[in-house]
Amino acid sequence: MGTLSRQQFDDLVLKYDAGVLTAEEKELLAPYKVKRAVLLASGFGSRLMPATKTTPKPLICVNGVRIIDTILDALVHAGVEEIYIVVGYKGDQFEQLKEKYPQIEILTNPLFDTTNNISSAVVARDHFQNAYVFESDLFIKNPAILPAYQFETNYVGVPVEQTPDWCFDVDDQGVIYDLHKGGTNCFHMYGISYWDKQDGAQLALDLVKAFEQKEYQQRFWDDVPCVLARDNYQIHLRPITFNDVDEIDTFEELVALDSSYARQ
């Protein structure tokens, strides 16, 4: 992390958005630039069958647009130069993305069918510094939630009174102190996070340490920084709204967004 206060950072980002940054101000913002992104895209997507019978979930089209393209287009717009996609199920199909996005690099997770997505995070662990990390079943409707600069390590979430889904508990300072399924007065979790240089380096170590223990190989990767090794991080909650992104977990949710799938 750089040495700017939050107010100084916010003021410079406003000038960046207006296109009036001086060369000196660009240097001050440089440590906060999002340099890379990791997209975890190795899973079967079994709950989206039959749509995923022949196509990996991130490559499914919703009203003519591939799910993963909504993430990639937002990253390109934000000037993110390194993009890594961790694949497994029908991984060869992701090669087609290079025609439109030549900057992407494909990483293969050989354990995608025997472990949870913690194994995909381990594959990409060396790319988590100054990086966005995504679940790749997210249809981004508001690219502005992925800005070119980030002040601190964070997850996005939506404040809710109650949810049966995965959610964060957050303290008065906006810092996440727990992650669990189902809760009240919490933040609905979306699989979008940002890791600064220091936290990204620590995460690489903690992911490997956790994965070496067999009982953790069926955990979601987010459990490592948010639960198993939470004392090593100060992860902030960055609020968004349900209008910013659609999470497509089930075939029914896919049909609700694109009625053409109802005929399958």
# chains A, B, ... in the order shown; residues from 1 in each chain; ligands from 1

call {"tool": "select_by_dssp", "arguments": {"residues": "region 39-256 of chain A", "states": "strand (DSSP E)", "output": "number ranges by chain"}}
result
A: 39-41, 61-62, 65-66, 82-87, 104-108, 131-135, 138-140, 154-170, 176-195, 236-239, 245-247

call {"tool": "residues_around", "arguments": {"residues": "Thr70 (chain A)", "least_positions_apart": "2", "cutoff": "9 Å", "atoms": "only C-alpha atoms", "output": "short mmCIF file (atom, residue, chain, number, x, y, z; two decimals) with C-alpha atoms, in the first residue's frame"}}
result
data_model
loop_
_atom_site.label_atom_id
_atom_site.label_comp_id
_atom_site.auth_asym_id
_atom_site.auth_seq_id
_atom_site.Cartn_x
_atom_site.Cartn_y
_atom_site.Cartn_z
CA VAL A 65 -23.27 -12.14 -24.02
CA ARG A 66 -20.91 -14.66 -22.40
CA ILE A 67 -20.94 -14.40 -18.62
CA ILE A 68 -17.16 -14.13 -18.41
CA LEU A 72 -13.24 -9.23 -18.85
CA ASP A 73 -14.70 -6.15 -20.55
CA ALA A 74 -14.83 -4.33 -17.20
CA LEU A 75 -11.22 -5.27 -16.48
CA LEU A 138 -20.91 -13.34 -12.10
CA PHE A 139 -22.68 -11.28 -14.75
CA ILE A 140 -21.39 -7.75 -14.22
CA LYS A 141 -24.08 -5.18 -14.99
CA PRO A 143 -18.56 -2.08 -14.67
#

call {"tool": "atom_distance", "arguments": {"atom1": "CA of Leu257 (chain A)", "atom2": "CA of Pro239 (chain A)"}}
result
23.5 Å

call {"tool": "atom_distance", "arguments": {"atom1": "CA of Val175 (chain A)", "atom2": "CA of Arg238 (chain A)"}}
result
9.5 Å

call {"tool": "closest_residue", "arguments": {"among": "A:Ala124, A:Val86, A:Cys167, A:Leu179", "to": "Thr108 (chain A)", "atoms": "only C-alpha atoms"}}
result
A:Val86

call {"tool": "closest_atom_pairs", "arguments": {"of": "region 95-184 of chain A", "to": "region 19-29 of chain A", "cutoff": "12 Å", "atoms": "only C-alpha atoms", "output": "Markdown table"}}
result
| residue | atom | partner | partner_atom | distance |
| --- | --- | --- | --- | --- |
| A:Ala148 | CA | A:Leu29 | CA | 10.3 |
| A:Tyr149 | CA | A:Leu29 | CA | 7.8 |
| A:Gln150 | CA | A:Leu29 | CA | 9.5 |
| A:Phe151 | CA | A:Leu29 | CA | 9.4 |
